[in-house]
Amino acid sequence: MGSASSSSSCFQPNYGDFYLSSAHSNIDARYDVIVIGSGYGGSIAASRAARAGKKVCVLEKGREWRPGDFPETELNSAKEVQMTFHGNKTVGDPTSLFDFVISPDVAVLQGCGLGGTSLINANVALDCDPRVFQDEVWPKTLREDLETMNNTDKKRALDMLQPTVYPEKFPELPKMSRMAKAAAHIADIESLDATKIFKRTPLLVNFNDKEKNSAGIPQPACISCGNCCGGCNTGAKNTLNMNYLPDAKAHGAKIFTQVEVRGVVKDPVSDGWRVHYVHHLRKQKSFKVKEQIVRANVVILGAGALGSTDILLKSQALGLELSPNLGKRFTTNGDAVGFSYNGESVVRHVGKPLVKIRKKPHKAPGPCVTSIIDMREQEGKTVDQCFVLEDGTPPSSTSLPYNIVIRFLESGKDTTSGDVQKTGRHVIGKGMKNTIAFLAVGHDSAAGELQLDEETDRVWVNYPNIGESENFERVRSTMEHATTSLKGTFIPNPYWAGLAAKMRDTKGIVTVHPLGGCGMGETGAGGVVTHAGQVFVGDSSEVHQGLYVLDGSVMPRSLGINPCLTISMVAERGMRLMAEERGWSIDFESSKVLDLESTRARPGIRFTERLGGQMTIGENTGPCELILTIESEDVEQMLNEDETHQARVHGNLTCEILSSCPLTVSNGYFTMFSLSEDKVQSREMTYTLNLTSAEGAVYYLKGHKLIHKDSAFEIGKKDTTRLEISVYKGESEDGDEIGKAKLQIRGGDIVKKLSTIEVTHASGKLERLKWKTKFCTFFMGNMWQIYGAFTSGCTPFDPTAPPREKRPLKLNGTEAKVYPIETEDGVELYLTRYQGGPKGPVMLVHGMGVSSKIFSLDTVDTNLVEFLFAEGYDVWLLEWRASIMLPSANEKTTIDLCAEYDVPAGVKKILAVTNQKNIQILAHCAGAAITCASILAGKLHGKVRNLIISQSGFINVPTRLNWFKAHLKLPQILYGIGVEGLTAYTDSEQNWMGKILDQFFEGTADVTTAFDQHCDNHVCHRITFLYGLLYEHCNFNSATHETLHEMFGYGDAKLLKHFALCFAKEHLVNDEGKDTYLPDFKKGLKSQEYKDKIAFMDIPIQFCSGEKNKAFDQASTARALQRVAEAHPGQNYERFVVPDYGHIDCIMGKNAATDVFPYFLRFLDKYAEG
């Protein structure tokens, strides 16, 4: 062989910012042509329709994958697997690359991404046996048009796909020599000519460096890494995103990924079609996906055998009249696999990651398939008895499971005996290096049927006993002969004859070439589509005008070969005939190539928000919900160059008095902090968008959030969460105004909104962090300019701090569930559930000026949520109205309101969801006070199993500083002069007044705390001023101390005033200072009213105090214990004091999981079962 090396190329294009797909906000309301799917049929349809000058939209369910993106390790590959089990469920993300559909007799693997299965196939481009098309199952018109299809249409496909064989000048591959040896052995047995049956395979792979291919895309030469079926990370493989798809984009097509089509129905207001779809943006799943609509004159399905059939079955359920043959004539294409394990020669059995192949190019295994043993020319055999045998190289990402299955789980047939060296290789683990995989493609009876599974809402394959077909046994025998020539151990497909088959008692078939389901026919009585892919109306010869299928699903039988070339030819033919029928002129001569600059994506930003409220249209008023995803494709330009800071918008509006179905947003725009034209010293967030209903009505929505400081201490949360909208008829506000609404982001949705913020098209984690930080800094900076020193409780970002990436909670894959609740007085709260097991449920109640983040902070090794979750508890976090995560934190409130409404609402919701009679509660500080107040008011009678009170409760003995502030009546003074609240947040960009206040707070902290508690954190100083020293600094790690601004925020002055009254009396009183919770407090048990109230505390209670608590004196819990024990001597009451701990460090301390939480656990475990 020549001396050239397939791994010697130094030419490696940078595909890092190369994107063909566009943001979802660019989806228009209507197109000339919509193509569904981007496999061979879909990509060809998009290219040809675009070359015909049509306005084309491509909708692909999967994500866009570029060279360099594909997983090369087992762990990364496992993250990109989705598996659908018939009658059970789907595991994994619906956009994951490797899409397995597991049915009783057939398992299908297909690619999910832009380019379809071309992303993970072997790219073998072989012609069908001519006898395949002589079968009368094909429509007569197609059989009569074979000459044109095999010449004109095939040439067009080959010009784009560029197949070539593995070059003679490249290094010889061990697996090719092994295949040649096997071919010679099989030829002797079958009396065939070995030189005729052993062939190099035409591959859709580039073996020469190209600065630009025919579509304008740079492509390097193949380096023979063997990872074709895991995804090509060099760009050498001629996948569809290297040819047809960029060609379509160059000619004007718009491509959208992560869009799943759910059905196609006739448009009632035109002669065209209505396509129903949902978005699958991974980070935006906090909000339930709703169907949206886009319209077109022509719809072409190219989603593959399973995908197109799935869509048509769902369309049939929506009322579209289709052939009774829909789903039938499914075929596995005779796919089979087998292995020659531990033969006499090294084969290079598996693909290699790029980093390894570039270090050791001489160990390159070669492309996945390079040669075949062609068994289609055997005399006396029908076409259905023939097949081809191919060498196969599994990708590097399958190396470990491949080794485990072949070496340890399967016991094959040894074709040799007494080979000591072979036994030695097996024992020391080197047998795999001498292993070759055989891939076979042949025929079956095409008797399978694709049916919709009600459990998974996806199609499954109903093909009983397919594995018993004679041809699979014929293939197995040939593979065994090949193994004999290599002196290996033959291992058949484990799913067909190995461990998996035995466990299931079924000879299962795994296919990577699923075909059929929408087979061609002369009429609807015999097929689903015509010879040209037009969809039949029922069982008639009439067709649905403008509805086509052009992909592997239209094949009415098996092809006996890797089908990509045949599918491409049929699709090219279908587009040729479509153009002729519709009077289009496809410009096949155009040499226009993709302008790569148009594909260069810059980092963008995206987030989703949900707003709800009431809309009024005339005399009718009804619920209205707006879910919008806001995205900018260039976050730097949005923040720094555009004065209006504009972004695009997509989503939907649900309002039954406007339309019975959700209305789809198109042509939507959003501006952030643009100057208001109507109000001085104000900024606006504006929303303008078009709405289209399922009925075809078009509306224009205009909305705005006015960002304006109305009082000295307003912090802006109301302004940024409330939206006023107007709706007009038509496409602009020139139409008649028909409706108005005031919408608001609910409390629980604020957290969800924050979780959806993501940076798109970033080159890596650091760039994502960089732009996410810049965006949040920009937002908080504008809020600061408007609202000044008193900011909201949402998590601000320190402009001088490095970006921080938060660790995920240790929940074993369990996702938190958020339950919005509304109190009887109309305040929106929410509960977050972490269901770790059957114990509990236990509700955690946070203090004032914070949120439930104190229980779930990620800056310690194990937080309280993770601790209880690991112990099997069903943990619920209550965000009550003073939570800094809620808009209600800015409203005036009292202990009384929280006790009467918030705690009971939380308990009621938990009991309803869990179907329990009572719950456990762990409440901290102000949370303990409102919980005790609620119990003493009789609101929770019989609903609390046991209670843990941390630091405070119904007895409130202040420390010196808080006693001084209470008797000085500082909170009352602040409230009296109009100060509505105070915040603990500050940052380095303070104005002069803020800096003066920071110095004052620092001085106060220094005077009132010991020297070893001094620090240079201004947030820490403010916390100490507001509440007293809440923690011993030695109990916090640096990460927690440096992120205090994330945990502490706004505190309502009226609530502070109420606590000051309690401090003055040293026990719970109402907001007028009266003893309503424990009447005749001084008389105690001598008073019947007191006894009646304290009777509600006849439940097991544990009291906890930090030894060095500087907010509440230890006497608070000691006296409380004395009171309840005196009233109920037979009840279980406990108290413990944590040495060297203060107040909130008992919850947030770096070692709280070992020093404090075990005390909580022991008490909870006593009453864990209701």
# chains A, B, ... in the order shown; residues from 1 in each chain; ligands from 1
$ residues_around --residues "Gly622 of chain A" --least-positions-apart "6" --cutoff "12 Å" --atoms "only C-alpha atoms" --output "JSON, numbers by chain"
{"A": [612, 613, 614, 615, 616, 654, 655, 656, 657, 658, 659, 739, 740, 741, 742]}
$ residues_around --residues "segment 1076-1092 of chain A" --least-positions-apart "6" --cutoff "9 Å" --atoms "only C-alpha atoms" --output "list in words"
Ala933, Ser934, Leu936, Ala937, Phe954, His1067, Leu1068, Val1069, Asn1070, Arg1123, Glu1126 and Ala1127 of chain A
$ write_last_selection --atoms "N, CA and C atoms" --output "compact mmCIF listing (two decimals), in the first residue's frame"
# COMPACT_ATOMS: atom_id res chain seq x y z
N ALA A 933 -47.09 30.69 66.70
CA ALA A 933 -48.28 31.55 66.73
C ALA A 933 -49.46 30.86 66.06
N SER A 934 -49.20 30.17 64.97
CA SER A 934 -50.26 29.47 64.25
C SER A 934 -50.81 28.32 65.09
N LEU A 936 -50.69 28.11 68.48
CA LEU A 936 -51.40 28.68 69.64
C LEU A 936 -52.74 29.27 69.24
N ALA A 937 -52.85 29.68 67.97
CA ALA A 937 -54.14 30.22 67.49
C ALA A 937 -55.10 29.11 67.10
N PHE A 954 -42.22 30.78 70.85
CA PHE A 954 -43.23 31.66 71.46
C PHE A 954 -42.65 32.46 72.63
N HIS A 1067 -42.17 37.58 74.82
CA HIS A 1067 -42.97 36.46 74.35
C HIS A 1067 -43.88 36.95 73.22
N LEU A 1068 -44.53 36.02 72.56
CA LEU A 1068 -45.37 36.37 71.41
C LEU A 1068 -46.55 37.24 71.84
N VAL A 1069 -46.71 38.35 71.12
CA VAL A 1069 -47.89 39.21 71.26
C VAL A 1069 -48.37 39.54 69.87
N ASN A 1070 -49.59 40.06 69.78
CA ASN A 1070 -50.06 40.45 68.45
C ASN A 1070 -49.44 41.79 68.05
N ARG A 1123 -42.17 26.19 80.17
CA ARG A 1123 -43.62 26.46 80.08
C ARG A 1123 -44.39 25.23 79.60
N GLU A 1126 -44.25 22.24 82.05
CA GLU A 1126 -45.09 22.50 83.22
C GLU A 1126 -46.56 22.24 82.89
N ALA A 1127 -46.96 22.57 81.67
CA ALA A 1127 -48.37 22.40 81.26
C ALA A 1127 -48.68 20.94 80.91
$ residues_around --residues "Asp734 of chain A" --least-positions-apart "3" --cutoff "12 Å" --atoms "only C-alpha atoms" --output "ChimeraX atom specification"
/A:699-702,727-731,737-738
$ atom_distance --atom1 "atom CA of Gly517 of chain A" --atom2 "atom CA of Asn333 of chain A"
12.8 Å
$ residues_around --residues "segment 460-469 of chain A" --least-positions-apart "6" --cutoff "7 Å" --atoms "only C-alpha atoms" --output "NGL selection string"
:A and (86 or 101 or 103 or 105-106 or 447-453 or 496 or 507-509)
$ residues_around --residues "Leu322 of chain A" --least-positions-apart "5" --cutoff "7 Å" --atoms "only C-alpha atoms" --output "PDB file with N, CA and C atoms, in the first residue's frame"
ATOM      1  N   GLN A 316     -53.892  11.525  12.366  1.00  0.00           N
ATOM      2  CA  GLN A 316     -55.128  10.757  12.172  1.00  0.00           C
ATOM      3  C   GLN A 316     -56.032  10.897  13.389  1.00  0.00           C
ATOM      4  N   PHE A 536     -52.340   9.583   0.574  1.00  0.00           N
ATOM      5  CA  PHE A 536     -53.692   9.224   0.151  1.00  0.00           C
ATOM      6  C   PHE A 536     -54.730   9.682   1.164  1.00  0.00           C
ATOM      7  N   VAL A 537     -55.937   9.963   0.651  1.00  0.00           N
ATOM      8  CA  VAL A 537     -57.101  10.207   1.500  1.00  0.00           C
ATOM      9  C   VAL A 537     -57.774   8.856   1.735  1.00  0.00           C
ATOM     10  N   GLY A 538     -57.696   8.361   2.956  1.00  0.00           N
ATOM     11  CA  GLY A 538     -58.314   7.076   3.275  1.00  0.00           C
ATOM     12  C   GLY A 538     -57.790   5.974   2.385  1.00  0.00           C
TER      13      GLY A 538
END
$ select_by_dssp --residues "segment 656-880 of chain A" --states "strand (DSSP E)" --output "ChimeraX atom specification"
/A:663-675,683-692,698-707,722-729,737-744,758-760,817-822,828-835,839-845,873-879
$ closest_residue --among "A:His362, A:His1058, A:Arg576, A:Lys752" --to "Arg48 of chain A" --atoms "only C-alpha atoms"
A:Arg576
$ closest_residue --among "A:Leu829, A:Ala579, A:Val1137, A:Ile491" --to "Asn342 of chain A" --atoms "only C-alpha atoms"
A:Ile491
$ closest_atom_pairs --of "segment 289-403 of chain A" --to "segment 192-198 of chain A" --cutoff "7 Å" --atoms "only C-alpha atoms" --output "tab-separated table"
residue	atom	partner	partner_atom	distance
A:Ile372	CA	A:Phe198	CA	5.8
A:Ile373	CA	A:Phe198	CA	4.7
A:Asp374	CA	A:Ile197	CA	4.6
A:Met375	CA	A:Ile197	CA	6.7
$ write_last_selection --atoms "N, CA and C atoms" --output "short mmCIF file (atom, residue, chain, number, x, y, z; two decimals), in the first residue's frame"
data_model
loop_
_atom_site.label_atom_id
_atom_site.label_comp_id
_atom_site.auth_asym_id
_atom_site.auth_seq_id
_atom_site.Cartn_x
_atom_site.Cartn_y
_atom_site.Cartn_z
N ILE A 372 -17.16 -5.14 2.23
CA ILE A 372 -18.30 -6.05 2.37
C ILE A 372 -17.98 -7.39 1.73
N ILE A 373 -18.71 -8.39 2.20
CA ILE A 373 -18.78 -9.68 1.52
C ILE A 373 -20.19 -9.73 0.94
N ASP A 374 -20.27 -9.61 -0.38
CA ASP A 374 -21.55 -9.43 -1.07
C ASP A 374 -22.13 -10.80 -1.42
N MET A 375 -23.18 -11.17 -0.70
CA MET A 375 -23.84 -12.47 -0.90
C MET A 375 -25.10 -12.34 -1.73
#
$ atom_distance --atom1 "atom CA of Leu59 of chain A" --atom2 "atom CA of Met242 of chain A"
17.6 Å
$ residues_around --residues "His1128 of chain A" --least-positions-apart "4" --cutoff "8 Å" --atoms "only C-alpha atoms" --output "JSON list (two decimals) with C-alpha atoms, in the first residue's frame"
[["chain", "number", "residue", "atom", "x", "y", "z"],
["A", 1095, "ALA", "CA", -53.02, 23.06, 75.43],
["A", 1098, "ASP", "CA", -49.33, 19.32, 73.72],
["A", 1124, "VAL", "CA", -44.71, 23.47, 77.97]]
$ atom_distance --atom1 "atom CA of Pro353 of chain A" --atom2 "atom CA of Ser396 of chain A"
6.2 Å
$ closest_residue --among "A:Cys386, A:Glu379, A:Arg573, A:His531" --to "Ile44 of chain A" --atoms "only C-alpha atoms"
A:Arg573
$ residues_around --residues "His276 of chain A" --least-positions-apart "4" --cutoff "8 Å" --atoms "only C-alpha atoms" --output "number ranges by chain"
A: 261-264, 291-294
$ closest_residue --among "A:Arg143, A:Arg200, A:Ser1105, A:Thr73" --to "Met520 of chain A" --atoms "only C-alpha atoms"
A:Arg143
$ closest_atom_pairs --of "segment 396-438 of chain A" --to "segment 227-239 of chain A" --cutoff "12 Å" --atoms "only C-alpha atoms" --output "CSV"
residue,atom,partner,partner_atom,distance
A:Ser396,CA,A:Asn227,CA,6.4
A:Ser397,CA,A:Gly230,CA,6.9
A:Thr398,CA,A:Gly230,CA,8.5
A:Ser399,CA,A:Asn227,CA,10.9
$ write_last_selection --atoms "N, CA, C and O atoms" --output "short mmCIF file (atom, residue, chain, number, x, y, z; two decimals), in the first residue's frame"
data_model
loop_
_atom_site.label_atom_id
_atom_site.label_comp_id
_atom_site.auth_asym_id
_atom_site.auth_seq_id
_atom_site.Cartn_x
_atom_site.Cartn_y
_atom_site.Cartn_z
N SER A 396 -15.71 4.65 20.02
CA SER A 396 -14.98 4.60 21.29
C SER A 396 -15.90 4.74 22.49
O SER A 396 -15.61 4.21 23.57
N SER A 397 -17.02 5.39 22.31
CA SER A 397 -17.94 5.61 23.43
C SER A 397 -18.63 4.32 23.87
O SER A 397 -19.29 4.30 24.90
N THR A 398 -18.49 3.25 23.09
CA THR A 398 -19.09 1.96 23.47
C THR A 398 -18.05 0.96 23.94
O THR A 398 -18.36 -0.20 24.18
N SER A 399 -16.80 1.38 24.08
CA SER A 399 -15.71 0.46 24.35
C SER A 399 -15.95 -0.39 25.59
O SER A 399 -15.82 -1.62 25.56
#
$ closest_residue --among "A:Tyr19, A:Ser308, A:Thr141, A:Ser590" --to "Ala50 of chain A" --atoms "only C-alpha atoms"
A:Ser590
$ select_by_dssp --residues "segment 176-279 of chain A" --states "alpha helix (DSSP H)" --output "compact mmCIF listing (two decimals) with N, CA, C and O atoms, in the first residue's frame"
# COMPACT_ATOMS: atom_id res chain seq x y z
N MET A 176 -9.74 -5.03 7.07
CA MET A 176 -10.00 -5.31 5.66
C MET A 176 -9.32 -6.62 5.24
O MET A 176 -9.91 -7.42 4.49
N SER A 177 -8.12 -6.83 5.71
CA SER A 177 -7.44 -8.09 5.36
C SER A 177 -8.16 -9.28 6.00
O SER A 177 -8.22 -10.37 5.42
N ARG A 178 -8.70 -9.08 7.21
CA ARG A 178 -9.46 -10.15 7.85
C ARG A 178 -10.74 -10.45 7.06
O ARG A 178 -11.15 -11.61 6.91
N MET A 179 -11.40 -9.38 6.57
CA MET A 179 -12.62 -9.59 5.77
C MET A 179 -12.29 -10.29 4.46
O MET A 179 -13.06 -11.14 3.98
N ALA A 180 -11.16 -9.94 3.84
CA ALA A 180 -10.76 -10.60 2.60
C ALA A 180 -10.53 -12.09 2.84
O ALA A 180 -10.90 -12.95 2.02
N LYS A 181 -9.91 -12.40 3.98
CA LYS A 181 -9.67 -13.82 4.32
C LYS A 181 -10.99 -14.55 4.54
O LYS A 181 -11.17 -15.69 4.10
N ALA A 182 -11.92 -13.88 5.25
CA ALA A 182 -13.23 -14.49 5.49
C ALA A 182 -13.98 -14.69 4.18
O ALA A 182 -14.65 -15.72 3.97
N ALA A 183 -13.85 -13.72 3.24
CA ALA A 183 -14.53 -13.82 1.95
C ALA A 183 -14.02 -15.03 1.18
O ALA A 183 -14.80 -15.77 0.54
N ALA A 184 -12.72 -15.24 1.23
CA ALA A 184 -12.14 -16.39 0.52
C ALA A 184 -12.66 -17.71 1.09
O ALA A 184 -12.97 -18.65 0.34
N HIS A 185 -12.77 -17.77 2.41
CA HIS A 185 -13.27 -18.99 3.05
C HIS A 185 -14.74 -19.24 2.69
O HIS A 185 -15.12 -20.38 2.36
N ILE A 186 -15.54 -18.18 2.74
CA ILE A 186 -16.97 -18.31 2.41
C ILE A 186 -17.13 -18.66 0.94
O ILE A 186 -18.00 -19.47 0.56
N ALA A 187 -16.29 -18.08 0.07
CA ALA A 187 -16.37 -18.37 -1.37
C ALA A 187 -16.10 -19.85 -1.63
O ALA A 187 -16.75 -20.47 -2.49
N ASP A 188 -15.17 -20.41 -0.89
CA ASP A 188 -14.90 -21.85 -1.06
C ASP A 188 -16.11 -22.68 -0.67
O ASP A 188 -16.45 -23.66 -1.35
N ILE A 189 -16.76 -22.31 0.42
CA ILE A 189 -17.91 -23.08 0.91
C ILE A 189 -19.09 -22.94 -0.05
O ILE A 189 -19.78 -23.93 -0.35
N GLU A 190 -19.33 -21.71 -0.55
CA GLU A 190 -20.52 -21.43 -1.37
C GLU A 190 -20.23 -21.53 -2.87
O GLU A 190 -21.10 -21.21 -3.68
N ALA A 194 -14.21 -15.30 -4.87
CA ALA A 194 -13.87 -14.41 -3.77
C ALA A 194 -13.57 -13.01 -4.25
O ALA A 194 -13.85 -12.01 -3.55
N THR A 195 -13.01 -12.86 -5.46
CA THR A 195 -12.68 -11.52 -5.96
C THR A 195 -13.92 -10.71 -6.30
O THR A 195 -13.85 -9.49 -6.40
N LYS A 196 -15.03 -11.41 -6.50
CA LYS A 196 -16.28 -10.71 -6.82
C LYS A 196 -17.10 -10.38 -5.58
O LYS A 196 -17.83 -9.39 -5.56
N ILE A 197 -17.01 -11.21 -4.56
CA ILE A 197 -17.86 -10.95 -3.39
C ILE A 197 -17.18 -10.04 -2.37
O ILE A 197 -17.86 -9.40 -1.55
N TYR A 244 -26.49 18.79 1.92
CA TYR A 244 -27.85 19.23 1.59
C TYR A 244 -28.36 20.35 2.51
O TYR A 244 -29.00 21.30 2.05
N LEU A 245 -28.10 20.24 3.81
CA LEU A 245 -28.64 21.24 4.73
C LEU A 245 -27.99 22.61 4.55
O LEU A 245 -28.69 23.63 4.49
N PRO A 246 -26.65 22.72 4.46
CA PRO A 246 -26.09 24.04 4.18
C PRO A 246 -26.50 24.57 2.80
O PRO A 246 -26.61 25.78 2.61
N ASP A 247 -26.74 23.65 1.85
CA ASP A 247 -27.24 24.08 0.55
C ASP A 247 -28.63 24.69 0.70
O ASP A 247 -28.93 25.73 0.08
N ALA A 248 -29.46 24.06 1.50
CA ALA A 248 -30.80 24.61 1.74
C ALA A 248 -30.70 25.98 2.40
O ALA A 248 -31.40 26.92 2.00
N LYS A 249 -29.83 26.12 3.39
CA LYS A 249 -29.68 27.40 4.08
C LYS A 249 -29.13 28.47 3.12
O LYS A 249 -29.57 29.62 3.14
N ALA A 250 -28.18 28.09 2.28
CA ALA A 250 -27.61 29.04 1.32
C ALA A 250 -28.67 29.59 0.38
O ALA A 250 -28.57 30.73 -0.09
$ closest_residue --among "A:Leu320, A:Glu1066, A:Leu1055, A:Leu400" --to "Glu72 of chain A" --atoms "only C-alpha atoms"
A:Leu400
$ decode --residues "segment 170-239 of chain A" --atoms "C-alpha atoms" --output "short mmCIF file (atom, residue, chain, number, x, y, z; two decimals), in the first residue's frame"
data_model
loop_
_atom_site.label_atom_id
_atom_site.label_comp_id
_atom_site.auth_asym_id
_atom_site.auth_seq_id
_atom_site.Cartn_x
_atom_site.Cartn_y
_atom_site.Cartn_z
CA PHE A 170 -4.06 4.85 2.51
CA PRO A 171 -2.55 2.39 5.02
CA GLU A 172 -3.90 -1.12 4.89
CA LEU A 173 -6.42 -1.79 7.64
CA PRO A 174 -6.21 -5.06 9.56
CA LYS A 175 -9.96 -5.51 9.47
CA MET A 176 -10.00 -5.31 5.66
CA SER A 177 -7.44 -8.09 5.36
CA ARG A 178 -9.46 -10.15 7.85
CA MET A 179 -12.62 -9.59 5.77
CA ALA A 180 -10.76 -10.60 2.60
CA LYS A 181 -9.67 -13.82 4.32
CA ALA A 182 -13.23 -14.49 5.49
CA ALA A 183 -14.53 -13.82 1.95
CA ALA A 184 -12.14 -16.39 0.52
CA HIS A 185 -13.27 -18.99 3.05
CA ILE A 186 -16.97 -18.31 2.41
CA ALA A 187 -16.37 -18.37 -1.37
CA ASP A 188 -14.90 -21.85 -1.06
CA ILE A 189 -17.91 -23.08 0.91
CA GLU A 190 -20.52 -21.43 -1.37
CA SER A 191 -18.63 -22.02 -4.64
CA LEU A 192 -18.32 -18.31 -5.32
CA ASP A 193 -15.60 -16.09 -6.74
CA ALA A 194 -13.87 -14.41 -3.77
CA THR A 195 -12.68 -11.52 -5.96
CA LYS A 196 -16.28 -10.71 -6.82
CA ILE A 197 -17.86 -10.95 -3.39
CA PHE A 198 -15.17 -9.04 -1.48
CA LYS A 199 -15.50 -5.34 -2.22
CA ARG A 200 -14.44 -1.99 -0.88
CA THR A 201 -17.51 -0.11 0.19
CA PRO A 202 -18.50 3.28 -1.26
CA LEU A 203 -18.58 5.59 1.73
CA LEU A 204 -19.98 9.06 2.25
CA VAL A 205 -16.64 10.08 3.73
CA ASN A 206 -14.13 12.68 2.61
CA PHE A 207 -10.57 11.37 2.19
CA ASN A 208 -9.00 14.61 0.94
CA ASP A 209 -8.65 17.99 2.63
CA LYS A 210 -11.10 20.48 1.17
CA GLU A 211 -11.01 24.19 1.94
CA LYS A 212 -14.61 24.21 0.70
CA ASN A 213 -16.83 21.39 -0.48
CA SER A 214 -19.66 21.80 -2.98
CA ALA A 215 -21.83 23.41 -0.30
CA GLY A 216 -19.11 25.80 0.85
CA ILE A 217 -18.19 23.89 4.02
CA PRO A 218 -14.53 23.14 4.84
CA GLN A 219 -13.82 19.45 5.33
CA PRO A 220 -10.63 17.69 6.40
CA ALA A 221 -9.61 14.22 5.29
CA CYS A 222 -10.74 11.24 7.33
CA ILE A 223 -8.22 10.21 10.01
CA SER A 224 -9.73 6.70 10.34
CA CYS A 225 -10.64 7.08 14.02
CA GLY A 226 -13.52 4.61 13.65
CA ASN A 227 -16.07 6.78 15.42
CA CYS A 228 -18.44 7.20 12.46
CA CYS A 229 -21.36 5.67 14.38
CA GLY A 230 -20.72 7.77 17.48
CA GLY A 231 -20.56 11.02 15.52
CA CYS A 232 -17.72 12.40 13.41
CA ASN A 233 -15.67 14.92 15.37
CA THR A 234 -13.34 15.83 12.53
CA GLY A 235 -15.90 16.86 9.91
CA ALA A 236 -14.68 14.34 7.33
CA LYS A 237 -17.93 12.39 7.22
CA ASN A 238 -20.37 13.60 4.57
CA THR A 239 -23.30 13.91 6.93
#
